[in-house]
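Raw final_11.txt, compact mmCIF, C-alpha atoms (C1' of nucleotides):
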```txt
# COMPACT_ATOMS: atom_id res chain seq x y z
CA MET A 1 0.00 0.00 0.00
CA PRO A 2 1.37 3.43 -0.93
CA THR A 3 2.62 5.03 2.26
CA SER A 4 2.70 8.54 0.85
CA THR A 5 -1.02 8.62 0.17
CA SER A 6 -1.99 7.17 3.52
CA LYS A 7 0.29 9.57 5.38
CA ARG A 8 -1.23 12.55 3.65
CA ASP A 9 -4.65 11.19 4.52
CA HIS A 10 -3.68 10.78 8.15
CA ILE A 11 -2.53 14.37 8.28
CA ILE A 12 -5.74 15.62 6.68
CA HIS A 13 -7.85 13.55 9.00
CA SER A 14 -6.05 14.69 12.16
CA ALA A 15 -6.03 18.31 11.07
CA LEU A 16 -9.77 18.20 10.37
CA ASN A 17 -10.56 16.84 13.82
CA LEU A 18 -8.30 19.27 15.64
CA PHE A 19 -9.39 22.31 13.64
CA ALA A 20 -13.02 21.38 14.24
CA GLU A 21 -12.52 20.86 17.96
CA ARG A 22 -10.13 23.69 18.85
CA GLY A 23 -10.15 25.99 15.85
CA PHE A 24 -7.32 26.84 13.46
CA ASP A 25 -5.40 29.23 15.69
CA ALA A 26 -5.48 27.04 18.77
CA THR A 27 -4.20 24.03 16.86
CA THR A 28 -0.42 23.70 16.52
CA ILE A 29 1.47 21.81 13.85
CA PRO A 30 3.10 19.52 16.45
CA MET A 31 -0.40 18.66 17.73
CA ILE A 32 -1.41 17.61 14.23
CA ALA A 33 1.84 15.71 13.68
CA ASN A 34 1.44 13.91 16.97
CA ASP A 35 -2.18 12.99 16.29
CA ALA A 36 -1.32 11.78 12.79
CA ASN A 37 1.73 9.84 14.05
CA VAL A 38 4.15 11.58 11.73
CA GLY A 39 7.04 13.95 12.27
CA ALA A 40 6.29 17.66 12.23
CA GLY A 41 8.49 18.05 9.19
CA THR A 42 6.53 15.47 7.27
CA ILE A 43 3.55 17.78 7.19
CA TYR A 44 5.67 20.22 5.21
CA ARG A 45 6.40 17.58 2.61
CA TYR A 46 2.72 17.57 1.74
CA PHE A 47 1.65 21.14 2.51
CA ALA A 48 3.70 24.28 2.03
CA ASN A 49 2.54 25.75 5.35
CA LYS A 50 -0.27 25.78 7.87
CA GLU A 51 -2.47 28.08 5.78
CA VAL A 52 -2.12 25.93 2.69
CA LEU A 53 -3.06 22.96 4.83
CA VAL A 54 -6.22 24.55 6.16
CA ASN A 55 -7.23 25.82 2.73
CA THR A 56 -6.66 22.42 1.16
CA LEU A 57 -8.76 20.86 3.87
CA PHE A 58 -11.50 23.42 3.52
CA GLN A 59 -11.70 23.08 -0.25
CA HIS A 60 -11.61 19.32 -0.07
CA TYR A 61 -14.58 19.02 2.25
CA VAL A 62 -16.61 21.86 0.76
CA THR A 63 -16.26 20.22 -2.65
CA LEU A 64 -17.15 16.83 -1.25
CA PHE A 65 -20.20 18.25 0.47
CA THR A 66 -21.22 20.10 -2.68
CA HIS A 67 -21.05 16.87 -4.67
CA THR A 68 -23.11 15.08 -2.04
CA LEU A 69 -25.85 17.67 -2.36
CA GLU A 70 -25.73 17.80 -6.15
CA GLU A 71 -25.74 14.04 -6.69
CA ASP A 72 -29.15 12.81 -7.87
CA TYR A 73 -30.70 16.19 -7.16
CA PRO A 74 -34.43 15.88 -7.95
CA LYS A 75 -34.65 18.95 -10.15
CA GLU A 76 -38.19 18.25 -11.30
CA ASP A 77 -39.60 17.17 -7.99
CA SER A 78 -41.53 19.24 -5.45
CA ILE A 79 -39.80 21.82 -3.29
CA ARG A 80 -40.50 19.74 -0.23
CA ASN A 81 -38.84 16.71 -1.78
CA GLN A 82 -35.89 18.78 -2.91
CA PHE A 83 -35.56 19.94 0.69
CA HIS A 84 -35.66 16.36 1.84
CA HIS A 85 -32.92 15.49 -0.61
CA LEU A 86 -30.71 18.28 0.74
CA PHE A 87 -31.37 17.34 4.34
CA LYS A 88 -30.65 13.69 3.66
CA GLY A 89 -27.39 14.78 2.02
CA MET A 90 -26.39 16.66 5.15
CA VAL A 91 -27.08 13.62 7.29
CA ARG A 92 -25.17 11.30 5.00
CA PHE A 93 -22.21 13.65 4.72
CA THR A 94 -22.04 14.08 8.48
CA ASN A 95 -22.13 10.34 9.01
CA ASP A 96 -19.26 9.90 6.55
CA HIS A 97 -17.19 12.83 7.83
CA GLU A 98 -18.02 13.47 11.43
CA HIS A 99 -16.30 16.84 11.88
CA ALA A 100 -16.33 18.17 8.36
CA LEU A 101 -19.54 20.22 8.35
CA TYR A 102 -18.76 21.70 11.72
CA PHE A 103 -15.29 22.64 10.53
CA ILE A 104 -16.76 24.29 7.44
CA LYS A 105 -19.36 26.15 9.47
CA THR A 106 -16.90 27.51 12.02
CA HIS A 107 -14.23 28.50 9.50
CA ASN A 108 -16.13 29.77 6.48
CA ALA A 109 -15.50 33.44 7.27
CA ALA A 110 -11.94 33.07 8.55
CA TYR A 111 -9.24 35.56 7.69
CA PHE A 112 -6.87 32.95 6.30
CA LEU A 113 -9.10 31.53 3.55
CA ASP A 114 -7.80 32.13 0.04
CA ASP A 115 -9.80 33.02 -3.08
CA THR A 116 -10.35 29.43 -4.15
CA SER A 117 -11.70 28.49 -0.74
CA ARG A 118 -14.07 31.42 -0.82
CA GLU A 119 -15.21 30.57 -4.33
CA ASN A 120 -15.86 26.97 -3.41
CA PHE A 121 -17.86 28.02 -0.40
CA ASN A 122 -19.85 30.49 -2.46
CA HIS A 123 -20.68 27.77 -4.91
CA LEU A 124 -22.04 25.71 -2.06
CA LEU A 125 -24.13 28.63 -0.87
CA MET A 126 -25.40 29.11 -4.42
CA ILE A 127 -26.86 25.62 -4.53
CA LEU A 128 -28.84 26.32 -1.41
CA GLN A 129 -29.72 29.80 -2.55
CA ASN A 130 -31.00 28.63 -5.91
CA PHE A 131 -33.18 26.09 -4.20
CA LEU A 132 -34.58 28.73 -1.85
CA ASP A 133 -35.09 31.29 -4.61
CA GLU A 134 -36.98 28.85 -6.76
CA GLY A 135 -39.07 27.92 -3.75
CA LYS A 136 -39.83 31.56 -3.06
CA GLU A 137 -41.05 32.04 -6.64
CA GLU A 138 -43.39 29.12 -6.22
CA LYS A 139 -44.58 30.60 -2.91
CA GLN A 140 -43.43 27.44 -1.17
CA ILE A 141 -40.63 29.16 0.72
CA ARG A 142 -40.89 32.05 3.15
CA ASP A 143 -39.92 35.46 1.80
CA LEU A 144 -36.80 36.08 3.84
CA PRO A 145 -33.13 36.60 2.88
CA SER A 146 -31.79 33.25 1.74
CA LYS A 147 -28.71 33.58 3.90
CA ALA A 148 -30.82 33.88 7.00
CA LEU A 149 -32.79 30.81 5.97
CA ILE A 150 -29.58 28.91 5.31
CA ALA A 151 -28.32 29.88 8.75
CA ILE A 152 -31.44 28.51 10.37
CA ILE A 153 -31.11 25.20 8.57
CA PHE A 154 -27.43 24.77 9.39
CA GLY A 155 -27.72 26.12 12.91
CA GLY A 156 -30.31 23.57 13.91
CA PHE A 157 -28.70 20.72 12.07
CA LEU A 158 -25.18 21.25 13.37
CA GLU A 159 -26.29 21.82 16.92
CA LEU A 160 -28.08 18.52 16.76
CA PHE A 161 -24.93 16.74 15.70
CA LYS A 162 -22.84 18.49 18.31
CA LEU A 163 -25.20 17.14 20.96
CA ILE A 164 -25.12 13.66 19.50
CA ARG A 165 -21.31 13.66 19.37
CA ALA A 166 -21.15 14.95 22.95
CA GLY A 167 -23.41 12.12 23.99
CA ASP A 168 -26.08 14.48 25.33
CA ILE A 169 -28.75 12.91 23.16
CA GLU A 170 -29.02 9.81 21.06
CA SER A 171 -29.44 9.84 17.32
CA SER A 172 -32.58 8.25 15.97
CA GLU A 173 -34.80 8.31 12.96
CA GLU A 174 -37.48 10.24 14.83
CA LEU A 175 -35.06 12.85 16.07
CA LEU A 176 -33.69 13.46 12.59
CA ALA A 177 -37.19 13.57 11.19
CA GLY A 178 -38.16 16.05 13.91
CA VAL A 179 -35.26 18.36 13.16
CA GLU A 180 -36.01 18.14 9.46
CA GLU A 181 -39.60 19.15 10.16
CA SER A 182 -38.47 22.02 12.35
CA CYS A 183 -36.10 23.34 9.69
CA TRP A 184 -38.72 22.94 7.03
CA ASP A 185 -41.30 24.83 9.07
CA ALA A 186 -38.76 27.60 9.64
CA VAL A 187 -38.20 27.93 5.94
CA ARG A 188 -41.49 27.14 4.25
CA HIS A 189 -44.20 29.57 3.40
CA HIS A 190 -47.14 29.51 5.82
CA SER A 191 -50.49 30.69 4.50
CA MET B 1 -9.98 63.93 29.69
CA PRO B 2 -9.65 60.17 29.62
CA THR B 3 -10.25 58.81 33.07
CA SER B 4 -9.12 55.36 34.09
CA THR B 5 -12.66 54.07 33.74
CA SER B 6 -12.92 55.19 30.16
CA LYS B 7 -9.63 53.52 29.30
CA ARG B 8 -10.85 50.26 30.73
CA ASP B 9 -14.01 50.66 28.69
CA HIS B 10 -12.01 51.29 25.54
CA ILE B 11 -10.05 48.12 26.12
CA ILE B 12 -13.22 46.11 26.71
CA HIS B 13 -14.86 47.55 23.65
CA SER B 14 -11.89 46.90 21.36
CA ALA B 15 -11.37 43.42 22.74
CA LEU B 16 -15.03 42.57 22.18
CA ASN B 17 -14.91 43.69 18.55
CA LEU B 18 -11.67 41.89 17.78
CA PHE B 19 -12.62 38.68 19.57
CA ALA B 20 -15.94 38.67 17.73
CA GLU B 21 -14.33 39.30 14.36
CA ARG B 22 -11.18 37.17 14.53
CA GLY B 23 -11.66 34.95 17.56
CA PHE B 24 -9.69 34.83 20.79
CA ASP B 25 -6.62 33.00 19.54
CA ALA B 26 -6.15 35.10 16.45
CA THR B 27 -6.39 38.35 18.40
CA THR B 28 -3.14 39.61 19.91
CA ILE B 29 -2.77 41.92 22.87
CA PRO B 30 -0.93 44.50 20.74
CA MET B 31 -3.90 44.48 18.34
CA ILE B 32 -6.26 45.26 21.19
CA ALA B 33 -3.94 47.95 22.57
CA ASN B 34 -3.64 49.53 19.18
CA ASP B 35 -7.38 49.51 18.56
CA ALA B 36 -8.06 50.92 22.02
CA ASN B 37 -5.35 53.56 21.63
CA VAL B 38 -3.48 52.49 24.74
CA GLY B 39 -0.09 50.92 25.32
CA ALA B 40 0.10 47.16 25.53
CA GLY B 41 1.25 47.42 29.13
CA THR B 42 -1.80 49.44 30.07
CA ILE B 43 -4.05 46.46 29.42
CA TYR B 44 -2.21 44.66 32.21
CA ARG B 45 -3.06 47.45 34.62
CA TYR B 46 -6.70 46.48 34.25
CA PHE B 47 -6.57 42.75 33.53
CA ALA B 48 -4.14 40.24 34.97
CA ASN B 49 -3.74 38.49 31.61
CA LYS B 50 -5.44 37.70 28.33
CA GLU B 51 -7.59 34.92 29.76
CA VAL B 52 -8.84 37.09 32.59
CA LEU B 53 -9.69 39.71 30.00
CA VAL B 54 -11.72 37.35 27.85
CA ASN B 55 -13.50 35.85 30.86
CA THR B 56 -14.33 39.29 32.23
CA LEU B 57 -15.73 40.24 28.86
CA PHE B 58 -17.69 37.05 28.52
CA GLN B 59 -19.21 37.31 31.96
CA HIS B 60 -19.99 40.97 31.52
CA TYR B 61 -21.95 40.51 28.33
CA VAL B 62 -23.63 37.25 29.29
CA THR B 63 -24.86 38.87 32.49
CA LEU B 64 -26.02 41.93 30.63
CA PHE B 65 -27.87 39.80 28.11
CA THR B 66 -29.41 37.69 30.85
CA HIS B 67 -30.71 40.82 32.56
CA THR B 68 -32.12 42.07 29.28
CA LEU B 69 -34.09 38.85 28.84
CA GLU B 70 -35.23 38.68 32.47
CA GLU B 71 -36.33 42.28 32.71
CA ASP B 72 -40.14 42.56 32.62
CA TYR B 73 -40.45 38.91 31.66
CA PRO B 74 -44.17 38.21 31.13
CA LYS B 75 -44.37 35.13 33.32
CA GLU B 76 -48.13 34.90 33.17
CA ASP B 77 -48.57 35.66 29.52
CA SER B 78 -48.97 33.21 26.63
CA ILE B 79 -46.01 31.23 25.32
CA ARG B 80 -46.13 33.16 22.08
CA ASN B 81 -45.91 36.45 23.93
CA GLN B 82 -43.09 35.17 26.09
CA PHE B 83 -41.28 34.24 22.90
CA HIS B 84 -41.88 37.73 21.57
CA HIS B 85 -40.43 39.20 24.74
CA LEU B 86 -37.28 37.09 24.37
CA PHE B 87 -36.90 37.93 20.70
CA LYS B 88 -37.37 41.63 21.36
CA GLY B 89 -34.69 41.35 24.05
CA MET B 90 -32.27 39.85 21.54
CA VAL B 91 -32.92 42.67 19.11
CA ARG B 92 -32.51 45.34 21.74
CA PHE B 93 -29.35 43.81 23.15
CA THR B 94 -27.82 43.49 19.69
CA ASN B 95 -28.62 47.10 18.89
CA ASP B 96 -26.93 48.21 22.11
CA HIS B 97 -23.91 45.90 21.79
CA GLU B 98 -23.29 45.12 18.17
CA HIS B 99 -20.79 42.28 18.54
CA ALA B 100 -21.68 40.94 21.95
CA LEU B 101 -24.10 38.16 21.07
CA TYR B 102 -21.91 36.94 18.26
CA PHE B 103 -18.93 36.90 20.60
CA ILE B 104 -20.92 34.91 23.15
CA LYS B 105 -22.14 32.46 20.53
CA THR B 106 -18.72 31.79 19.06
CA HIS B 107 -16.89 31.49 22.38
CA ASN B 108 -19.36 29.75 24.69
CA ALA B 109 -17.62 26.37 24.43
CA ALA B 110 -14.04 27.65 24.41
CA TYR B 111 -11.27 25.92 26.34
CA PHE B 112 -10.23 29.08 28.19
CA LEU B 113 -13.53 29.85 29.92
CA ASP B 114 -13.40 29.58 33.70
CA ASP B 115 -16.06 28.19 36.03
CA THR B 116 -17.80 31.50 36.57
CA SER B 117 -18.10 32.07 32.84
CA ARG B 118 -19.56 28.63 32.36
CA GLU B 119 -21.99 29.12 35.21
CA ASN B 120 -23.14 32.44 33.84
CA PHE B 121 -23.66 30.94 30.43
CA ASN B 122 -25.57 28.00 31.87
CA HIS B 123 -27.84 30.38 33.69
CA LEU B 124 -28.58 32.06 30.39
CA LEU B 125 -29.35 28.72 28.78
CA MET B 126 -31.61 27.86 31.71
CA ILE B 127 -33.82 30.84 31.04
CA LEU B 128 -34.35 29.71 27.50
CA GLN B 129 -34.67 26.10 28.48
CA ASN B 130 -37.29 26.81 31.14
CA PHE B 131 -39.28 28.74 28.62
CA LEU B 132 -39.07 25.91 26.09
CA ASP B 133 -39.85 23.22 28.66
CA GLU B 134 -42.91 25.02 29.90
CA GLY B 135 -43.98 25.50 26.30
CA LYS B 136 -43.54 21.81 25.60
CA GLU B 137 -45.72 20.92 28.57
CA GLU B 138 -48.44 23.15 27.23
CA LYS B 139 -48.05 21.54 23.79
CA GLN B 140 -47.18 24.92 22.38
CA ILE B 141 -43.57 24.05 21.62
CA ARG B 142 -42.26 21.27 19.42
CA ASP B 143 -41.01 18.15 21.17
CA LEU B 144 -37.33 18.42 20.31
CA PRO B 145 -34.22 18.80 22.49
CA SER B 146 -34.17 22.31 23.87
CA LYS B 147 -30.57 22.84 22.89
CA ALA B 148 -31.40 22.15 19.27
CA LEU B 149 -34.29 24.59 19.44
CA ILE B 150 -32.08 27.22 21.04
CA ALA B 151 -29.53 26.71 18.28
CA ILE B 152 -32.16 27.29 15.63
CA ILE B 153 -33.30 30.53 17.24
CA PHE B 154 -29.78 31.89 17.70
CA GLY B 155 -28.52 30.63 14.38
CA GLY B 156 -31.12 32.45 12.39
CA PHE B 157 -31.02 35.56 14.50
CA LEU B 158 -27.25 35.98 14.50
CA GLU B 159 -26.89 35.28 10.82
CA LEU B 160 -29.41 38.01 10.20
CA PHE B 161 -27.35 40.50 12.17
CA LYS B 162 -24.14 39.42 10.49
CA LEU B 163 -25.71 40.25 7.15
CA ILE B 164 -27.01 43.58 8.41
CA ARG B 165 -23.59 44.49 9.79
CA ALA B 166 -21.92 43.45 6.54
CA GLY B 167 -24.34 45.69 4.65
CA ASP B 168 -25.73 42.79 2.62
CA ILE B 169 -29.28 43.54 3.69
CA GLU B 170 -31.00 46.41 5.41
CA SER B 171 -32.63 46.15 8.78
CA SER B 172 -36.33 46.86 8.92
CA GLU B 173 -39.35 46.14 11.05
CA GLU B 174 -40.70 43.69 8.48
CA LEU B 175 -37.44 41.81 8.25
CA LEU B 176 -37.21 41.43 12.01
CA ALA B 177 -40.83 40.40 12.19
CA GLY B 178 -40.21 37.87 9.41
CA VAL B 179 -37.26 36.31 11.19
CA GLU B 180 -39.21 36.19 14.42
CA GLU B 181 -42.01 34.33 12.63
CA SER B 182 -39.53 31.93 11.07
CA CYS B 183 -37.93 31.15 14.42
CA TRP B 184 -41.30 30.77 16.04
CA ASP B 185 -42.49 28.37 13.35
CA ALA B 186 -39.31 26.34 13.79
CA VAL B 187 -39.92 26.02 17.47
CA ARG B 188 -43.67 25.89 17.94
CA HIS B 189 -45.84 22.83 17.96
CA HIS B 190 -47.73 22.26 14.71
CA SER B 191 -50.87 20.21 14.84
C1' DA C 1 7.39 67.51 44.47
C1' DT C 2 5.47 63.12 44.75
C1' DA C 3 2.81 59.48 43.46
C1' DA C 4 -0.02 57.15 40.35
C1' DA C 5 -0.90 56.01 35.56
C1' DA C 6 0.52 55.14 30.96
C1' DG C 7 3.50 53.80 27.47
C1' DG C 8 6.14 50.81 24.67
C1' DA C 9 10.64 48.61 24.12
C1' DA C 10 12.71 44.40 26.01
C1' DT C 11 12.15 39.63 27.40
C1' DG C 12 11.27 34.93 27.17
C1' DA C 13 8.21 31.28 26.09
C1' DA C 14 5.67 29.12 22.56
C1' DT C 15 5.20 27.99 17.88
C1' DA C 16 5.87 27.69 12.73
C1' DT C 17 9.23 26.35 9.65
C1' DT C 18 13.69 24.56 7.93
C1' DC C 19 17.25 21.34 7.02
C1' DA C 20 20.96 18.02 7.84
C1' DT C 21 20.55 13.39 8.67
C1' DT C 22 18.45 8.73 8.77
C1' DC C 23 15.76 5.25 6.82
C1' DC C 24 13.79 2.25 3.45
C1' DG C 25 12.58 0.13 -0.92
C1' DG C 26 14.16 -0.72 -5.21
C1' DT C 27 18.00 -1.24 -8.65
C1' DT C 28 22.45 -2.59 -10.32
C1' DA C 29 26.81 -5.10 -10.26
C1' DT C 30 29.27 -9.11 -9.14
C1' DA D 1 21.68 -14.74 -4.87
C1' DT D 2 23.93 -11.23 -2.41
C1' DA D 3 25.67 -6.99 -1.51
C1' DA D 4 26.79 -2.40 -2.42
C1' DC D 5 24.43 1.65 -4.09
C1' DC D 6 20.73 5.28 -5.01
C1' DG D 7 16.95 8.39 -4.48
C1' DG D 8 13.42 10.16 -2.31
C1' DA D 9 10.52 10.03 1.92
C1' DA D 10 10.54 10.87 6.74
C1' DT D 11 12.31 12.75 10.78
C1' DG D 12 12.94 15.88 14.68
C1' DA D 13 16.43 18.91 16.44
C1' DA D 14 17.71 23.62 15.35
C1' DT D 15 16.24 28.18 13.91
C1' DA D 16 13.22 32.04 13.06
C1' DT D 17 9.21 34.28 14.26
C1' DT D 18 5.37 35.73 16.89
C1' DC D 19 3.22 37.16 20.92
C1' DA D 20 1.99 37.51 25.99
C1' DT D 21 3.93 39.63 29.66
C1' DT D 22 7.23 42.55 32.26
C1' DC D 23 9.85 46.51 33.48
C1' DC D 24 11.51 50.84 33.51
C1' DT D 25 11.01 55.49 31.72
C1' DT D 26 7.92 59.30 30.70
C1' DT D 27 3.69 61.70 31.50
C1' DT D 28 -0.13 63.28 34.20
C1' DA D 29 -2.58 64.57 38.35
C1' DT D 30 -2.59 66.30 42.97
```
Do you think you could lay out the structure here as structure tokens?
Amino acid sequence: MPTSTSKRDHIIHSALNLFAERGFDATTIPMIANDANVGAGTIYRYFANKEVLVNTLFQHYVTLFTHTLEEDYPKEDSIRNQFHHLFKGMVRFTNDHEHALYFIKTHNAAYFLDDTSRENFNHLLMILQNFLDEGKEEKQIRDLPSKALIAIIFGGFLELFKLIRAGDIESSEELLAGVEESCWDAVRHHS
Amino acid sequence: MPTSTSKRDHIIHSALNLFAERGFDATTIPMIANDANVGAGTIYRYFANKEVLVNTLFQHYVTLFTHTLEEDYPKEDSIRNQFHHLFKGMVRFTNDHEHALYFIKTHNAAYFLDDTSRENFNHLLMILQNFLDEGKEEKQIRDLPSKALIAIIFGGFLELFKLIRAGDIESSEELLAGVEESCWDAVRHHS
DNA sequence: ATAAAAGGAATGAATATTCATTCCGGTTAT
DNA sequence: ATAACCGGAATGAATATTCATTCCTTTTAT
């Protein structure tokens, strides 16, 4: 098995967890190296510096999440079903990459993000915004700024997963369904 | 003439803005001193160290926010009106202290908070939780974990104010009313 | 004139980054 | 088949940089 690939993956994985838990500035390179079981210098064989590392990470997971949402998107279906598709995507992505969404959420406005990272993140926002805008035209979605609606969806969803990770509550189908309903009610147009 | 009190206030004000914008770890003491127009050493005349500063700040604004919510709380009124009171409190507090709620939100789980800070924050959560629990008993509030519901309310609200601050959207009575409705629909029991 | 307050350069600890060296797998020569 | 040889990957100690904190001088107030 190719060591180089798996080492890079270890570094990425450790960096993601630490950045998500402590934030970029509170995470040191030796911490990452230690967690990934590599020498500190090894990190610099794969990433030019700490900022390149965090940007690579950010772009990687934003792109992955974007693909998850875009895959099999039910363009012709009802708004409600499109919403369900997006919500399901969030759940699936979070199950596959425990800390990734939280990392994205807490770092998406950070001072160290480069242009590519910002572009990637904007593209992700656009997917959600297009969905909401279309829904607003059809009078299915509440007439509020899309960004505020997006914040409500992510706020509720991520808080849920924080609690599950912390062991405060247990994940279950009903719970997920309940949060989906709550987010949908926050966002949908009420007559 | 700048009295000692006003210097302390300048430091607090600058620290709040910088912590809210860049986070605790990315904010240096010289940055704060510079923004507050004082020497770096002067900060240490008022605060023993950086952690004491951030804890003082945190406790100050959490307490202030708590008082804002508790003041004239309509204990005997309907759940919906209690919700309105809380929401109004958030708006008022944010108008008085632009960055304070965002600072609280982004730092409430930080590793450097001391016991008093945590206690103060818990007390704040308790107010919201008691409200939600009572609402659940009356079947007025959705049966979901209170922390998730709190996250939804704060997520939407704070994102709104981020956008207003950034100049992306303009504040207005309708907008605020719309966000309040959205949060309420997310949280209330639907039959 | 004296004391308190303020300032900001100096200090030292912590941290990012570099680099001389080791290690390891594959290749070549005998 | 074995052993000497290569090249690049990995390492972590050494170095450079950043930043919280201190300390001593200057300023302000009484």
Name all residues at most 9 Å from DT18 (chain C) (count all atoms listed in the file; drop same-chain ones fewer than 3 positions away) and give them as a list in words.
Gly41 of chain A; DA14 and DT15 of chain D
Would you kindly report the residues of chain D within 9 Å of chain B, using only C-alpha atoms (C1' of nucleotides), as a ChimeraX atom specification?
/D:19-22
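Using all atoms listed in the file, the part of chain B that sits within 9 Å of chain C is made up of Ser4, Val38, Gly39, Ala40, Gly41, Thr42 and Arg45 of chain B.
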For chain B against chain A, with a cut-off of 10 Å and counting only C-alpha atoms, what is the closest atom pair and its distance in Å to one decimal for every residue that makes the cut, ordered by chain and number, as a Markdown table?
```
| residue | atom | partner | partner_atom | distance |
| --- | --- | --- | --- | --- |
| B:Glu21 | CA | A:Ala110 | CA | 8.8 |
| B:Arg22 | CA | A:Tyr111 | CA | 7.3 |
| B:Gly23 | CA | A:Asp25 | CA | 8.7 |
| B:Phe24 | CA | A:Asp25 | CA | 8.7 |
| B:Asp25 | CA | A:Asp25 | CA | 5.5 |
| B:Ala26 | CA | A:Asp25 | CA | 6.0 |
| B:Thr27 | CA | A:Asp25 | CA | 9.6 |
| B:Thr106 | CA | A:Thr106 | CA | 8.4 |
| B:Ala109 | CA | A:Arg22 | CA | 9.7 |
| B:Ala110 | CA | A:Arg22 | CA | 7.9 |
| B:Tyr111 | CA | A:Arg22 | CA | 7.9 |
| B:Arg142 | CA | A:Ser182 | CA | 8.1 |
| B:Asp143 | CA | A:Gly178 | CA | 8.1 |
| B:Leu144 | CA | A:Gly178 | CA | 6.9 |
| B:Pro145 | CA | A:Ile169 | CA | 8.1 |
| B:Lys147 | CA | A:Glu159 | CA | 7.4 |
| B:Ala148 | CA | A:Leu160 | CA | 5.5 |
| B:Leu149 | CA | A:Gly156 | CA | 6.9 |
| B:Ile150 | CA | A:Gly156 | CA | 8.2 |
| B:Ala151 | CA | A:Gly156 | CA | 5.4 |
| B:Ile152 | CA | A:Gly156 | CA | 4.5 |
| B:Ile153 | CA | A:Ile152 | CA | 7.4 |
| B:Phe154 | CA | A:Gly155 | CA | 7.8 |
| B:Gly155 | CA | A:Gly155 | CA | 4.8 |
| B:Gly156 | CA | A:Ile152 | CA | 4.4 |
| B:Phe157 | CA | A:Ala148 | CA | 7.7 |
| B:Leu158 | CA | A:Ala151 | CA | 8.5 |
| B:Glu159 | CA | A:Ala148 | CA | 5.7 |
| B:Leu160 | CA | A:Ala148 | CA | 5.4 |
| B:Phe161 | CA | A:Ala148 | CA | 9.1 |
| B:Lys162 | CA | A:Ala148 | CA | 9.4 |
| B:Leu163 | CA | A:Lys147 | CA | 8.0 |
| B:Asp168 | CA | A:Pro145 | CA | 9.7 |
| B:Ile169 | CA | A:Pro145 | CA | 8.0 |
| B:Glu174 | CA | A:Leu144 | CA | 9.7 |
| B:Leu175 | CA | A:Leu144 | CA | 7.3 |
| B:Leu176 | CA | A:Leu144 | CA | 9.8 |
| B:Gly178 | CA | A:Leu144 | CA | 6.8 |
| B:Val179 | CA | A:Leu144 | CA | 7.4 |
| B:Glu180 | CA | A:Ala186 | CA | 9.8 |
| B:Glu181 | CA | A:Ala186 | CA | 8.0 |
| B:Ser182 | CA | A:Ala186 | CA | 4.6 |
| B:Cys183 | CA | A:Ala186 | CA | 6.0 |
| B:Trp184 | CA | A:Ala186 | CA | 7.6 |
| B:Asp185 | CA | A:Ala186 | CA | 5.3 |
| B:Ala186 | CA | A:Ala186 | CA | 4.4 |
| B:Val187 | CA | A:Ser182 | CA | 6.7 |
| B:Arg188 | CA | A:Ser182 | CA | 8.6 |
| B:His189 | CA | A:Ser182 | CA | 9.3 |
| B:His190 | CA | A:Asp185 | CA | 8.9 |
```
Would you write out those residues with C-alpha atoms, as a CSV table (one decimal), keeping the file's coordinate frame?
```csv
chain,number,residue,atom,x,y,z
B,21,GLU,CA,-14.3,39.3,14.4
B,22,ARG,CA,-11.2,37.2,14.5
B,23,GLY,CA,-11.7,35.0,17.6
B,24,PHE,CA,-9.7,34.8,20.8
B,25,ASP,CA,-6.6,33.0,19.5
B,26,ALA,CA,-6.2,35.1,16.4
B,27,THR,CA,-6.4,38.4,18.4
B,106,THR,CA,-18.7,31.8,19.1
B,109,ALA,CA,-17.6,26.4,24.4
B,110,ALA,CA,-14.0,27.6,24.4
B,111,TYR,CA,-11.3,25.9,26.3
B,142,ARG,CA,-42.3,21.3,19.4
B,143,ASP,CA,-41.0,18.2,21.2
B,144,LEU,CA,-37.3,18.4,20.3
B,145,PRO,CA,-34.2,18.8,22.5
B,147,LYS,CA,-30.6,22.8,22.9
B,148,ALA,CA,-31.4,22.2,19.3
B,149,LEU,CA,-34.3,24.6,19.4
B,150,ILE,CA,-32.1,27.2,21.0
B,151,ALA,CA,-29.5,26.7,18.3
B,152,ILE,CA,-32.2,27.3,15.6
B,153,ILE,CA,-33.3,30.5,17.2
B,154,PHE,CA,-29.8,31.9,17.7
B,155,GLY,CA,-28.5,30.6,14.4
B,156,GLY,CA,-31.1,32.4,12.4
B,157,PHE,CA,-31.0,35.6,14.5
B,158,LEU,CA,-27.2,36.0,14.5
B,159,GLU,CA,-26.9,35.3,10.8
B,160,LEU,CA,-29.4,38.0,10.2
B,161,PHE,CA,-27.4,40.5,12.2
B,162,LYS,CA,-24.1,39.4,10.5
B,163,LEU,CA,-25.7,40.2,7.2
B,168,ASP,CA,-25.7,42.8,2.6
B,169,ILE,CA,-29.3,43.5,3.7
B,174,GLU,CA,-40.7,43.7,8.5
B,175,LEU,CA,-37.4,41.8,8.2
B,176,LEU,CA,-37.2,41.4,12.0
B,178,GLY,CA,-40.2,37.9,9.4
B,179,VAL,CA,-37.3,36.3,11.2
B,180,GLU,CA,-39.2,36.2,14.4
B,181,GLU,CA,-42.0,34.3,12.6
B,182,SER,CA,-39.5,31.9,11.1
B,183,CYS,CA,-37.9,31.2,14.4
B,184,TRP,CA,-41.3,30.8,16.0
B,185,ASP,CA,-42.5,28.4,13.4
B,186,ALA,CA,-39.3,26.3,13.8
B,187,VAL,CA,-39.9,26.0,17.5
B,188,ARG,CA,-43.7,25.9,17.9
B,189,HIS,CA,-45.8,22.8,18.0
B,190,HIS,CA,-47.7,22.3,14.7
```
